[in-house]
$ cat query.cif   # mmCIF, C-alpha atoms and all ligand atoms
data_final
#
loop_
_atom_site.label_atom_id
_atom_site.label_comp_id
_atom_site.auth_asym_id
_atom_site.auth_seq_id
_atom_site.Cartn_x
_atom_site.Cartn_y
_atom_site.Cartn_z
CA MET A 1 -26.79 -15.72 13.23
CA THR A 2 -28.17 -13.79 10.30
CA ASP A 3 -31.38 -12.55 11.93
CA ALA A 4 -29.20 -11.24 14.70
CA LEU A 5 -26.97 -9.62 12.08
CA ARG A 6 -29.93 -7.88 10.47
CA SER A 7 -31.12 -6.47 13.77
CA GLN A 8 -27.59 -5.41 14.73
CA LEU A 9 -27.25 -3.50 11.47
CA THR A 10 -30.71 -2.00 11.80
CA GLU A 11 -29.93 -0.90 15.35
CA LYS A 12 -26.87 0.93 14.02
CA GLY A 13 -29.07 2.65 11.45
CA VAL A 14 -27.54 0.77 8.53
CA GLU A 15 -29.95 0.30 5.62
CA TYR A 16 -27.51 -0.64 2.86
CA VAL A 17 -24.30 -2.63 2.73
CA PHE A 18 -21.56 -2.57 0.11
CA CYS A 19 -20.43 -6.21 -0.10
CA SER A 20 -16.92 -5.47 -1.32
CA PHE A 21 -13.63 -7.10 -2.22
CA VAL A 22 -10.42 -6.16 -3.98
CA GLU A 23 -8.80 -7.79 -6.96
CA LEU A 24 -5.16 -7.59 -7.99
CA THR A 25 -4.94 -3.80 -8.31
CA GLY A 26 -6.36 -3.26 -4.82
CA ALA A 27 -9.28 -1.24 -6.20
CA PRO A 28 -12.48 -2.10 -4.32
CA LYS A 29 -15.44 -3.61 -6.18
CA ALA A 30 -18.89 -4.00 -4.65
CA LYS A 31 -22.53 -4.87 -4.81
CA LEU A 32 -25.00 -2.76 -2.92
CA VAL A 33 -27.30 -4.87 -0.76
CA PRO A 34 -30.30 -3.62 1.22
CA VAL A 35 -30.18 -4.86 4.81
CA SER A 36 -33.54 -6.60 4.24
CA HIS A 37 -31.64 -9.14 2.08
CA ILE A 38 -28.36 -9.28 3.97
CA GLU A 39 -28.94 -12.89 5.15
CA GLU A 40 -28.43 -14.38 1.70
CA PHE A 41 -25.27 -12.41 1.17
CA ALA A 42 -23.85 -13.13 4.61
CA ARG A 43 -24.27 -16.85 3.92
CA ASP A 44 -23.40 -17.28 0.24
CA GLY A 45 -21.53 -14.07 -0.52
CA ALA A 46 -22.29 -11.51 -3.22
CA GLY A 47 -21.81 -12.90 -6.74
CA PHE A 48 -19.76 -11.19 -9.44
CA ALA A 49 -18.86 -12.01 -13.03
CA GLY A 50 -15.15 -12.47 -12.29
CA PHE A 51 -13.93 -11.53 -15.77
CA ALA A 52 -15.62 -8.14 -15.42
CA CYS A 53 -13.93 -7.38 -12.07
CA GLY A 54 -10.32 -7.18 -13.17
CA ASP A 55 -7.65 -9.83 -12.78
CA VAL A 56 -9.18 -12.57 -10.66
CA GLY A 57 -8.16 -15.40 -12.99
CA GLN A 58 -11.49 -15.88 -14.72
CA GLY A 59 -12.80 -15.86 -18.27
CA PRO A 60 -16.25 -14.69 -19.40
CA HIS A 61 -17.42 -18.33 -19.36
CA ASP A 62 -16.61 -18.99 -15.67
CA PRO A 63 -19.05 -19.23 -12.77
CA ASP A 64 -19.44 -16.30 -10.35
CA VAL A 65 -16.80 -15.30 -7.87
CA CYS A 66 -18.57 -14.70 -4.57
CA SER A 67 -17.30 -12.24 -1.98
CA VAL A 68 -18.18 -13.67 1.41
CA PRO A 69 -18.36 -10.64 3.71
CA ASP A 70 -16.27 -10.43 6.87
CA PHE A 71 -18.60 -8.56 9.21
CA HIS A 72 -15.80 -8.08 11.76
CA ALA A 73 -14.50 -5.44 9.37
CA LEU A 74 -17.85 -3.69 8.83
CA THR A 75 -17.25 0.03 8.42
CA ILE A 76 -20.11 2.51 8.43
CA LEU A 77 -19.49 5.29 5.91
CA PRO A 78 -18.86 8.37 8.07
CA TRP A 79 -20.22 10.59 5.32
CA ARG A 80 -23.36 8.48 4.85
CA PRO A 81 -24.19 6.57 8.01
CA ASN A 82 -27.11 4.58 6.61
CA THR A 83 -24.61 2.69 4.43
CA ALA A 84 -21.78 0.35 5.41
CA TRP A 85 -18.80 -1.22 3.64
CA VAL A 86 -17.80 -4.82 4.32
CA PRO A 87 -14.71 -6.38 2.75
CA GLY A 88 -14.94 -10.04 1.84
CA ASN A 89 -13.00 -13.08 0.71
CA LEU A 90 -13.55 -14.61 -2.71
CA HIS A 91 -15.07 -18.05 -3.15
CA VAL A 92 -16.06 -19.98 -6.27
CA ASP A 93 -18.50 -22.89 -6.09
CA GLY A 94 -18.40 -22.64 -2.31
CA LYS A 95 -14.62 -23.03 -2.06
CA PRO A 96 -12.01 -20.36 -1.29
CA TRP A 97 -10.71 -18.91 -4.57
CA PRO A 98 -6.91 -18.88 -4.73
CA LEU A 99 -6.75 -15.58 -6.61
CA CYS A 100 -7.98 -13.43 -3.73
CA PRO A 101 -5.59 -10.88 -2.17
CA ARG A 102 -7.40 -10.81 1.19
CA THR A 103 -7.31 -14.62 1.41
CA ALA A 104 -3.55 -14.55 0.69
CA LEU A 105 -2.96 -12.15 3.57
CA ILE A 106 -5.17 -14.14 5.93
CA ARG A 107 -3.06 -17.20 5.14
CA GLN A 108 0.15 -15.40 6.15
CA VAL A 109 -1.50 -13.96 9.25
CA GLU A 110 -2.61 -17.45 10.29
CA LEU A 111 0.84 -18.88 9.60
CA SER A 112 2.34 -16.19 11.83
CA ARG A 113 -0.20 -16.91 14.56
CA LYS A 114 0.70 -20.62 14.45
CA GLN A 115 4.26 -19.57 15.21
CA GLY A 116 3.00 -17.46 18.11
CA TYR A 117 3.06 -14.05 16.45
CA VAL A 118 0.59 -11.28 15.73
CA VAL A 119 1.89 -9.07 12.92
CA ASN A 120 1.27 -5.41 13.71
CA VAL A 121 1.37 -2.96 10.84
CA GLY A 122 1.04 0.77 10.43
CA ILE A 123 0.93 2.54 7.06
CA GLU A 124 1.69 6.11 5.97
CA PRO A 125 -0.27 6.80 2.81
CA GLU A 126 0.75 9.84 0.79
CA PHE A 127 -1.56 11.35 -1.81
CA MET A 128 -1.82 14.35 -4.08
CA LEU A 129 -4.82 16.57 -4.68
CA LEU A 130 -5.16 17.51 -8.33
CA LYS A 131 -7.39 19.43 -10.67
CA LYS A 132 -7.34 19.93 -14.44
CA ASN A 133 -5.45 23.06 -15.44
CA SER A 134 -6.21 25.33 -18.38
CA ALA A 135 -4.38 22.91 -20.70
CA GLY A 136 -6.79 20.17 -19.59
CA GLU A 137 -4.08 18.27 -17.68
CA TYR A 138 -4.21 17.13 -14.08
CA ALA A 139 -1.91 19.27 -11.93
CA PRO A 140 -1.59 20.19 -8.22
CA TRP A 141 -4.83 22.02 -7.54
CA ASP A 142 -3.66 24.94 -5.38
CA ALA A 143 -2.18 27.80 -7.40
CA PHE A 144 -0.64 29.25 -4.21
CA ASP A 145 1.15 25.99 -3.37
CA THR A 146 4.34 26.77 -5.28
CA LEU A 147 7.22 26.43 -2.78
CA ALA A 148 10.14 24.30 -3.96
CA LYS A 149 10.23 22.85 -0.43
CA PRO A 150 6.55 22.70 0.45
CA CYS A 151 6.86 20.04 3.17
CA TYR A 152 5.07 20.93 6.43
CA ASP A 153 4.02 24.30 4.97
CA LEU A 154 1.45 25.64 7.40
CA ARG A 155 -0.17 27.98 4.92
CA ALA A 156 -0.73 25.31 2.27
CA LEU A 157 -1.93 22.87 4.91
CA TYR A 158 -4.35 25.53 6.14
CA ARG A 159 -5.80 25.98 2.66
CA ASN A 160 -6.75 22.28 2.80
CA LEU A 161 -7.99 22.37 6.37
CA GLU A 162 -11.61 21.63 5.51
CA LEU A 163 -10.72 18.44 3.66
CA MET A 164 -8.04 17.33 6.12
CA THR A 165 -10.16 17.88 9.23
CA THR A 166 -13.11 16.16 7.58
CA LEU A 167 -10.93 13.10 7.02
CA LEU A 168 -9.37 13.23 10.50
CA GLY A 169 -12.81 13.61 12.07
CA PHE A 170 -14.17 10.65 10.12
CA MET A 171 -11.23 8.50 11.19
CA GLN A 172 -11.70 9.52 14.80
CA GLY A 173 -15.36 8.54 14.55
CA LEU A 174 -14.36 5.16 13.12
CA GLY A 175 -12.07 4.58 16.12
CA TRP A 176 -8.85 4.47 14.09
CA SER A 177 -7.16 6.97 16.39
CA PRO A 178 -5.58 9.23 13.75
CA TYR A 179 -2.75 11.24 15.24
CA ALA A 180 -1.34 13.52 12.52
CA GLY A 181 -1.87 15.02 9.11
CA ASP A 182 0.73 16.97 7.19
CA HIS A 183 1.60 18.66 3.94
CA GLU A 184 4.17 16.42 2.32
CA ASP A 185 7.23 17.18 0.22
CA ALA A 186 5.49 17.71 -3.14
CA ASN A 187 3.07 20.50 -3.99
CA CYS A 188 -0.48 19.55 -2.98
CA GLN A 189 0.76 16.31 -1.43
CA PHE A 190 -0.55 15.20 1.95
CA GLU A 191 -0.35 12.34 4.42
CA ILE A 192 -2.56 11.23 7.30
CA ASN A 193 -1.37 8.85 10.01
CA TRP A 194 -3.48 6.66 12.19
CA THR A 195 -2.62 4.11 14.87
CA TYR A 196 -1.34 0.70 13.79
CA SER A 197 -3.31 -2.56 14.11
CA ASP A 198 -2.93 -6.18 13.13
CA ALA A 199 -2.01 -6.60 9.46
CA LEU A 200 -5.50 -7.54 8.21
CA THR A 201 -7.20 -4.64 9.96
CA THR A 202 -4.63 -2.18 8.57
CA ALA A 203 -5.03 -3.61 5.05
CA ASP A 204 -8.83 -3.24 5.30
CA ARG A 205 -8.51 0.29 6.68
CA HIS A 206 -5.98 1.30 4.06
CA THR A 207 -8.32 0.07 1.33
CA PHE A 208 -11.20 2.02 2.86
CA PHE A 209 -8.98 5.07 3.47
CA LYS A 210 -8.02 5.36 -0.19
CA TRP A 211 -11.67 5.24 -1.21
CA MET A 212 -12.65 7.73 1.51
CA VAL A 213 -9.93 10.20 0.49
CA ARG A 214 -11.00 9.98 -3.15
CA THR A 215 -14.64 10.45 -2.21
CA ILE A 216 -14.08 13.50 -0.03
CA ALA A 217 -11.67 15.00 -2.59
CA GLU A 218 -14.35 14.58 -5.27
CA GLN A 219 -16.77 16.44 -3.02
CA HIS A 220 -14.24 19.30 -3.17
CA GLY A 221 -14.02 19.03 -6.96
CA LEU A 222 -10.55 17.42 -6.75
CA LEU A 223 -8.92 14.21 -7.85
CA ALA A 224 -6.94 12.45 -5.11
CA THR A 225 -4.23 10.18 -6.44
CA PHE A 226 -1.94 7.69 -4.72
CA MET A 227 -0.09 7.01 -8.00
CA PRO A 228 3.60 6.45 -7.17
CA LYS A 229 5.13 9.20 -9.34
CA PRO A 230 2.60 11.38 -11.13
CA PHE A 231 5.12 14.16 -11.86
CA GLY A 232 8.80 13.72 -12.70
CA ASN A 233 9.83 16.94 -10.95
CA LEU A 234 8.07 16.24 -7.63
CA THR A 235 8.58 13.56 -4.96
CA GLY A 236 6.32 10.55 -5.33
CA ASN A 237 3.59 8.96 -3.25
CA GLY A 238 4.99 6.43 -0.81
CA ALA A 239 3.05 4.24 1.60
CA HIS A 240 5.70 3.39 4.17
CA VAL A 241 4.96 0.30 6.22
CA HIS A 242 5.88 0.11 9.92
CA LEU A 243 6.03 -3.37 11.31
CA SER A 244 6.53 -5.36 14.49
CA LEU A 245 5.60 -8.79 15.82
CA ALA A 246 3.73 -9.20 19.08
CA ASP A 247 3.48 -12.32 21.20
CA ALA A 248 0.10 -13.82 20.28
CA ALA A 249 -0.52 -14.84 23.89
CA THR A 250 0.61 -11.75 25.81
CA GLY A 251 0.62 -8.94 23.24
CA LYS A 252 4.22 -8.12 24.17
CA ASN A 253 6.22 -6.46 21.38
CA LEU A 254 8.78 -9.08 20.39
CA PHE A 255 10.86 -6.63 18.33
CA LEU A 256 11.50 -4.39 21.32
CA GLU A 257 14.77 -4.71 23.14
CA SER A 258 15.78 -1.35 24.50
CA SER A 259 19.38 -2.32 25.23
CA ALA A 260 20.03 -3.75 21.74
CA GLU A 261 21.32 -1.78 18.76
CA LEU A 262 18.49 0.41 17.41
CA GLY A 263 16.25 -1.06 20.14
CA LEU A 264 15.61 -4.04 17.88
CA SER A 265 15.56 -7.61 19.24
CA GLN A 266 17.26 -10.59 17.56
CA LEU A 267 13.84 -11.68 16.26
CA GLY A 268 13.32 -8.23 14.76
CA ARG A 269 16.75 -8.38 13.11
CA TRP A 270 16.03 -11.77 11.57
CA PHE A 271 12.66 -10.61 10.25
CA MET A 272 14.37 -7.54 8.79
CA GLY A 273 17.06 -9.82 7.32
CA GLY A 274 14.31 -11.73 5.52
CA VAL A 275 12.75 -8.55 4.11
CA LEU A 276 16.16 -7.33 2.88
CA ASN A 277 17.02 -10.73 1.47
CA HIS A 278 13.79 -10.90 -0.56
CA ALA A 279 13.68 -7.17 -1.35
CA ARG A 280 14.06 -7.49 -5.11
CA ALA A 281 11.18 -9.96 -5.47
CA LEU A 282 9.09 -8.13 -2.88
CA SER A 283 9.39 -4.98 -4.98
CA ALA A 284 7.09 -6.58 -7.56
CA LEU A 285 4.36 -6.58 -4.89
CA VAL A 286 5.07 -3.39 -2.96
CA ALA A 287 6.00 -1.25 -5.97
CA PRO A 288 3.71 -2.91 -8.50
CA LEU A 289 3.51 -0.50 -11.45
CA VAL A 290 5.72 0.49 -14.36
CA ASN A 291 5.45 3.96 -12.81
CA SER A 292 6.61 2.76 -9.35
CA TYR A 293 10.23 2.60 -10.51
CA LYS A 294 10.25 6.29 -11.46
CA ARG A 295 9.79 6.98 -7.73
CA LEU A 296 12.63 4.71 -6.55
CA VAL A 297 15.43 6.94 -7.81
CA ARG A 298 18.12 9.23 -6.41
CA GLY A 299 17.78 12.29 -8.71
CA ALA A 300 16.70 15.61 -7.29
CA PRO A 301 13.11 16.70 -7.68
CA ARG A 302 12.29 20.36 -6.92
CA SER A 303 12.44 19.80 -3.16
CA GLY A 304 15.99 18.40 -3.35
CA ALA A 305 15.35 14.77 -2.37
CA THR A 306 13.09 11.95 -3.51
CA TRP A 307 13.06 10.47 0.01
CA ALA A 308 12.56 7.12 -1.72
CA PRO A 309 14.95 4.17 -1.45
CA VAL A 310 17.22 2.90 -4.21
CA TYR A 311 19.44 0.47 -2.28
CA ILE A 312 18.80 -2.62 -0.19
CA THR A 313 20.02 -1.26 3.13
CA TYR A 314 18.85 -0.37 6.60
CA GLY A 315 19.80 2.27 9.08
CA ALA A 316 18.67 4.36 12.03
CA SER A 317 16.32 7.30 11.41
CA ASN A 318 17.87 7.88 7.98
CA ARG A 319 15.33 8.41 5.21
CA THR A 320 17.68 7.42 2.40
CA GLN A 321 17.58 3.74 3.45
CA MET A 322 15.14 1.09 2.27
CA ILE A 323 14.49 0.24 5.91
CA ARG A 324 14.56 2.93 8.57
CA VAL A 325 14.44 2.21 12.26
CA PRO A 326 12.81 5.37 13.58
CA ASP A 327 12.31 4.10 17.09
CA SER A 328 12.92 0.98 19.18
CA GLY A 329 10.75 -2.07 18.62
CA ARG A 330 9.69 -1.59 15.00
CA PHE A 331 11.03 -0.72 11.57
CA GLU A 332 9.77 1.13 8.53
CA ILE A 333 9.87 -0.33 5.01
CA ARG A 334 10.11 2.68 2.69
CA VAL A 335 9.98 0.95 -0.67
CA VAL A 336 6.19 0.45 -0.54
CA ASP A 337 4.24 2.93 -2.69
CA GLY A 338 0.72 4.24 -3.01
CA ALA A 339 -0.22 1.72 -5.70
CA ALA A 340 0.60 -1.33 -3.59
CA ASN A 341 -2.33 -3.63 -2.89
CA PRO A 342 -1.95 -3.76 0.90
CA TYR A 343 -3.15 -7.37 1.16
CA LEU A 344 -0.55 -8.63 -1.30
CA ALA A 345 2.17 -6.30 -0.05
CA PHE A 346 1.72 -7.35 3.59
CA ALA A 347 1.42 -11.03 2.63
CA GLY A 348 4.75 -10.82 0.77
CA ILE A 349 6.48 -8.91 3.58
CA ILE A 350 5.27 -11.42 6.20
CA ALA A 351 6.41 -14.40 4.12
CA ALA A 352 9.84 -12.80 3.65
CA GLY A 353 10.12 -11.92 7.34
CA LEU A 354 9.08 -15.37 8.56
CA HIS A 355 11.63 -16.86 6.21
CA GLY A 356 14.22 -14.54 7.74
CA ILE A 357 13.30 -15.85 11.20
CA ALA A 358 13.33 -19.50 10.08
CA GLU A 359 16.77 -19.10 8.51
CA LYS A 360 18.09 -16.65 11.12
CA MET A 361 19.00 -14.18 8.37
CA ASP A 362 21.37 -11.56 9.64
CA PRO A 363 20.75 -8.12 8.10
CA GLY A 364 24.46 -7.23 8.42
CA PRO A 365 25.71 -3.90 9.70
CA MET A 366 23.51 -0.83 9.49
CA ASN A 367 24.23 1.89 6.99
CA HIS A 368 24.94 5.48 8.06
CA ASP A 369 25.36 7.25 4.73
CA ASN A 370 23.36 9.72 2.80
CA LEU A 371 22.84 7.11 0.10
CA TYR A 372 21.89 9.75 -2.44
CA GLU A 373 25.51 10.89 -2.39
CA VAL A 374 27.56 7.70 -2.24
CA SER A 375 29.57 7.23 -5.43
CA GLU A 376 29.18 4.33 -7.83
CA GLU A 377 32.62 3.02 -6.76
CA GLY A 378 31.68 3.32 -3.08
CA LEU A 379 28.53 1.29 -3.66
CA LEU A 380 30.43 -1.41 -5.50
CA ALA A 381 33.27 -1.55 -2.99
CA ARG A 382 30.81 -2.00 -0.14
CA HIS A 383 28.61 -4.51 -1.98
CA ILE A 384 25.53 -2.36 -1.57
CA GLU A 385 22.79 -3.97 -3.59
CA VAL A 386 20.27 -2.09 -5.66
CA LEU A 387 16.48 -2.39 -5.77
CA PRO A 388 15.05 -3.24 -9.22
CA GLY A 389 15.26 -0.36 -11.66
CA THR A 390 12.16 -1.37 -13.59
CA LEU A 391 9.02 -3.42 -13.14
CA ALA A 392 10.50 -5.97 -15.56
CA GLU A 393 13.51 -6.48 -13.26
CA ALA A 394 11.27 -6.83 -10.23
CA LEU A 395 9.15 -9.44 -12.02
CA ASP A 396 12.25 -11.40 -12.99
CA ALA A 397 13.25 -11.39 -9.33
CA LEU A 398 9.76 -12.51 -8.29
CA ALA A 399 9.83 -15.31 -10.85
CA LYS A 400 12.99 -16.65 -9.13
CA ASP A 401 11.80 -16.25 -5.54
CA ALA A 402 9.81 -19.21 -4.25
CA VAL A 403 9.24 -17.63 -0.82
CA VAL A 404 7.61 -14.43 -2.07
CA GLN A 405 5.65 -16.38 -4.69
CA GLY A 406 4.56 -18.67 -1.86
CA ALA A 407 2.86 -15.69 -0.21
CA LEU A 408 0.49 -15.59 -3.17
CA GLY A 409 0.26 -19.33 -3.76
CA THR A 410 1.24 -21.10 -6.97
CA SER A 411 -1.69 -20.18 -9.21
CA TYR A 412 -1.93 -16.58 -8.01
CA ALA A 413 1.82 -16.04 -8.40
CA ALA A 414 1.66 -17.32 -11.99
CA GLU A 415 -1.31 -15.07 -12.78
CA TYR A 416 0.36 -12.09 -11.10
CA LEU A 417 3.47 -12.54 -13.21
CA ARG A 418 1.41 -12.95 -16.38
CA VAL A 419 -0.71 -9.84 -15.76
CA LYS A 420 2.23 -7.67 -14.77
CA ARG A 421 4.41 -8.85 -17.66
CA ASP A 422 1.58 -7.87 -20.01
CA GLU A 423 1.51 -4.45 -18.34
CA TRP A 424 5.24 -4.06 -18.87
CA LEU A 425 4.95 -5.11 -22.51
CA LEU A 426 2.08 -2.72 -23.12
CA HIS A 427 4.19 0.08 -21.68
CA SER A 428 7.38 -0.76 -23.51
CA ARG A 429 5.68 -1.10 -26.88
CA GLY A 430 4.05 2.30 -26.62
CA VAL A 431 6.03 5.11 -28.26
CA SER A 432 6.20 8.09 -25.92
CA ALA A 433 6.33 11.81 -26.62
CA TRP A 434 9.80 11.77 -25.02
CA GLU A 435 11.07 9.34 -27.64
CA ARG A 436 9.82 11.52 -30.47
CA ASP A 437 11.28 14.66 -28.84
CA TYR A 438 14.60 12.97 -28.29
CA TYR A 439 15.09 10.98 -31.48
CA LEU A 440 12.94 12.24 -34.32
CA ALA A 441 15.11 15.06 -35.60
CA THR A 442 18.49 13.37 -35.00
CA TYR A 443 17.95 9.99 -36.60
N1 LIG A 501 7.33 10.90 -0.62
C1 LIG A 501 8.43 10.08 -0.21
C2 LIG A 501 8.31 8.70 -0.86
O1 LIG A 501 7.92 8.62 -1.97
C3 LIG A 501 8.53 9.95 1.29
C4 LIG A 501 8.58 11.22 2.09
C5 LIG A 501 8.61 10.92 3.59
O2 LIG A 501 9.65 10.54 4.11
O3 LIG A 501 7.54 10.99 4.20
O4 LIG A 501 8.60 7.69 -0.28
MG MG A 502 5.56 10.77 4.30
#
$ encode --input "query.cif" --output "structure tokens"
Amino acid sequence: MTDALRSQLTEKGVEYVFCSFVELTGAPKAKLVPVSHIEEFARDGAGFAGFACGDVGQGPHDPDVCSVPDFHALTILPWRPNTAWVPGNLHVDGKPWPLCPRTALIRQVELSRKQGYVVNVGIEPEFMLLKKNSAGEYAPWDAFDTLAKPCYDLRALYRNLELMTTLLGFMQGLGWSPYAGDHEDANCQFEINWTYSDALTTADRHTFFKWMVRTIAEQHGLLATFMPKPFGNLTGNGAHVHLSLADAATGKNLFLESSAELGLSQLGRWFMGGVLNHARALSALVAPLVNSYKRLVRGAPRSGATWAPVYITYGASNRTQMIRVPDSGRFEIRVVDGAANPYLAFAGIIAAGLHGIAEKMDPGPMNHDNLYEVSEEGLLARHIEVLPGTLAEALDALAKDAVVQGALGTSYAAEYLRVKRDEWLLHSRGVSAWERDYYLATY
């Protein structure tokens, strides 16, 4: 197999391969392997000192974690075609390592397939393009991009045409079928959409996309960030997830029922019921940072709306809901942000949805309101539940939710909670400039 692999790569002009994987944060790690030695790596995986990689559950004394490359997902770098990127699954001592995000997703994908489903996922990554200003702080790079409502602004989009068309062209070349790029609702914020695929392919592409955007932005002297809420006065960076189940045998969309309410089948409603039911615990995976919860608020940034969800509701094409049904046969989960590790986020969403199907969880009636305007009393009277307000709350919910923890597996869930609780503690023990401004002179 491996000789054939070497000649296939050579035929494509590939001389080097990044044997890559992601750890808990979703940031890709890699070793660079010349094709002349690809056989060893294809067989045994590329070895890494796990403790140096991030949170993979290893100490400095542990044996290597090995990323065993999945050549089905080989992606030739459009900006450097003699080099390819291959995501892999972690193994230690020849056995699958439980603290591997990609392995966790594969497990949920296989579970779905056993039940006859292919999970199809699309993602809408938003990002901001920044540069250091004269005060040495990162800020939106384009001094002309100053509208309070900059969304869809043609002129600002045009000023970024070189970068945007480079990215769109690369994605076209990769066969992802990108279909739109726009200026989003914050200054110097953009989004690019490409066609959905099965969950694993979309998670791999999303991981590659984030790296590609950063790389091309750097070539323009800019920093691209997917951080959920870099600036308090601007809308944040979401990564909305669109989802449907297809029949594994026929490919038929099982969420599509044109005559049903919102064009959503009973199966689709149950899956959605599961996602709503587990929303608070899921938040710990899909909105994974301290900073994530500064995005999930009502308030009014400069543009007038955060467009981010606060309540555990669903509705038609209403962007104030946690779940929006923009069209028949699929729904959009809007709580997911730019920091979410797509493998863990999708694994959690699938586990929640399958649970919803197993238990026939009814999502209840849809919501029609502008949820940014409903009063506190109105929310209480109608039993509208709230998403976690902080990472700490989300982690408490995760700690109580066996289904969402199950998506990670016992040891990974425990490690996830430990790492994220440390992050919360680190944050809450730091004394911020705001605290000094607010308290110092009064107390
Ligand atoms: N930026 C918004 C968010 O943080 C979403 C805007 C949109 O609807 O595309 O979710
Ligand atoms: Mg958007």
$ closest_residue --input "query.cif" --among "A:Asn318, A:Phe231, A:Gln58, A:Thr83" --to "Tyr138 in chain A" --atoms "only C-alpha atoms"
A:Phe231
$ residues_near_point --input "query.cif" --point "(5.8, 25.3, -5.7)" --cutoff "10 Å" --atoms "only C-alpha atoms" --output "count of residues only"
16
$ axis_aligned_box --input "query.cif" --around "ligand LIG 501 (chain A)" --padding-each-side "8 Å" --output "AutoDock Vina command-line options"
--center_x 8.5 --center_y 9.5 --center_z 1.1 --size_x 18.3 --size_y 19.5 --size_z 22.2
$ atom_distance --input "query.cif" --atom1 "CA of Val275 in chain A" --atom2 "atom C4 of ligand LIG 501 (chain A)"
20.3 Å
$ atom_distance --input "query.cif" --atom1 "CA of Ala46 in chain A" --atom2 "CA of Leu90 in chain A"
9.3 Å
$ closest_residue --input "query.cif" --among "A:Ser375, A:Ser112, A:Ser428, A:Asn233" --to "Ile350 in chain A" --atoms "all atoms listed in the file"
A:Ser112
$ closest_atom_pairs --input "query.cif" --of "chain A" --to "ligand MG 502 (chain A)" --cutoff "12 Å" --atoms "all atoms listed in the file" --output "tab-separated table"
residue	atom	partner	partner_atom	distance
A:Ile123	CA	A:MG502	MG	9.8
A:Glu124	CA	A:MG502	MG	6.3
A:Pro125	CA	A:MG502	MG	7.2
A:Glu126	CA	A:MG502	MG	6.0
A:Phe127	CA	A:MG502	MG	9.4
A:Met128	CA	A:MG502	MG	11.7
A:Cys151	CA	A:MG502	MG	9.4
A:Tyr152	CA	A:MG502	MG	10.4
A:Ala180	CA	A:MG502	MG	11.1
A:Gly181	CA	A:MG502	MG	9.8
A:Asp182	CA	A:MG502	MG	8.4
A:His183	CA	A:MG502	MG	8.8
A:Glu184	CA	A:MG502	MG	6.1
A:Asp185	CA	A:MG502	MG	7.8
A:Ala186	CA	A:MG502	MG	10.2
A:Gln189	CA	A:MG502	MG	9.3
A:Phe190	CA	A:MG502	MG	7.9
A:Glu191	CA	A:MG502	MG	6.1
A:Ile192	CA	A:MG502	MG	8.7
A:Asn193	CA	A:MG502	MG	9.2
A:Thr235	CA	A:MG502	MG	10.1
A:Gly236	CA	A:MG502	MG	9.7
A:Asn237	CA	A:MG502	MG	8.0
A:Gly238	CA	A:MG502	MG	6.7
A:Ala239	CA	A:MG502	MG	7.5
A:His240	CA	A:MG502	MG	7.4
A:Val241	CA	A:MG502	MG	10.7
A:Thr306	CA	A:MG502	MG	10.9
A:Trp307	CA	A:MG502	MG	8.6
A:Ala308	CA	A:MG502	MG	9.9
A:Arg319	CA	A:MG502	MG	10.1
A:Glu332	CA	A:MG502	MG	11.3
A:Ile333	CA	A:MG502	MG	11.9
A:Arg334	CA	A:MG502	MG	9.4
A:Val335	CA	A:MG502	MG	11.9
A:Val336	CA	A:MG502	MG	11.4
A:Asp337	CA	A:MG502	MG	10.6
A:Gly338	CA	A:MG502	MG	10.9
$ closest_residue --input "query.cif" --among "A:Pro365, A:Gly356, A:Gly430, A:Pro301" --to "ligand LIG 501 (chain A)" --atoms "all atoms listed in the file"
A:Pro301
$ closest_residue --input "query.cif" --among "A:Pro230, A:Gly274, A:Gly353, A:Gly409" --to "ligand LIG 501 (chain A)" --atoms "only C-alpha atoms and all ligand atoms"
A:Pro230
$ closest_residue --input "query.cif" --among "A:Tyr438, A:Leu426, A:Phe226, A:Val403" --to "ligand LIG 501 (chain A)" --atoms "all atoms listed in the file"
A:Phe226
$ atom_distance --input "query.cif" --atom1 "CA of Val419 in chain A" --atom2 "CA of Pro96 in chain A"
21.2 Å
$ closest_residue --input "query.cif" --among "A:Leu395, A:Ile323, A:Leu417, A:Ala351" --to "ligand LIG 501 (chain A)" --atoms "only C-alpha atoms and all ligand atoms"
A:Ile323
$ residues_around --input "query.cif" --residues "Cys100 in chain A" --least-positions-apart "4" --cutoff "8 Å" --atoms "all atoms listed in the file" --output "ChimeraX atom specification"
/A:22-24,56,89-90,104
$ write_last_selection --input "query.cif" --atoms "C-alpha atoms" --output "tab-separated table (two decimals), in the frame of the given file"
chain	number	residue	atom	x	y	z
A	22	VAL	CA	-10.42	-6.16	-3.98
A	23	GLU	CA	-8.80	-7.79	-6.96
A	24	LEU	CA	-5.16	-7.59	-7.99
A	56	VAL	CA	-9.18	-12.57	-10.66
A	89	ASN	CA	-13.00	-13.08	0.71
A	90	LEU	CA	-13.55	-14.61	-2.71
A	104	ALA	CA	-3.55	-14.55	0.69
$ residues_around --input "query.cif" --residues "Lys252 in chain A" --least-positions-apart "5" --cutoff "10 Å" --atoms "all atoms listed in the file" --output "JSON list (two decimals) with C-alpha atoms, keeping the file's coordinate frame"
[["chain", "number", "residue", "atom", "x", "y", "z"],
["A", 117, "TYR", "CA", 3.06, -14.05, 16.45],
["A", 118, "VAL", "CA", 0.59, -11.28, 15.73],
["A", 245, "LEU", "CA", 5.60, -8.79, 15.82],
["A", 246, "ALA", "CA", 3.73, -9.20, 19.08],
["A", 247, "ASP", "CA", 3.48, -12.32, 21.20]]
$ residues_around --input "query.cif" --residues "range 216-219 of chain A" --least-positions-apart "4" --cutoff "8 Å" --atoms "all atoms listed in the file" --output "list in words"
Leu129, Leu163, Leu167, Met212, Leu223 and Ala224 of chain A
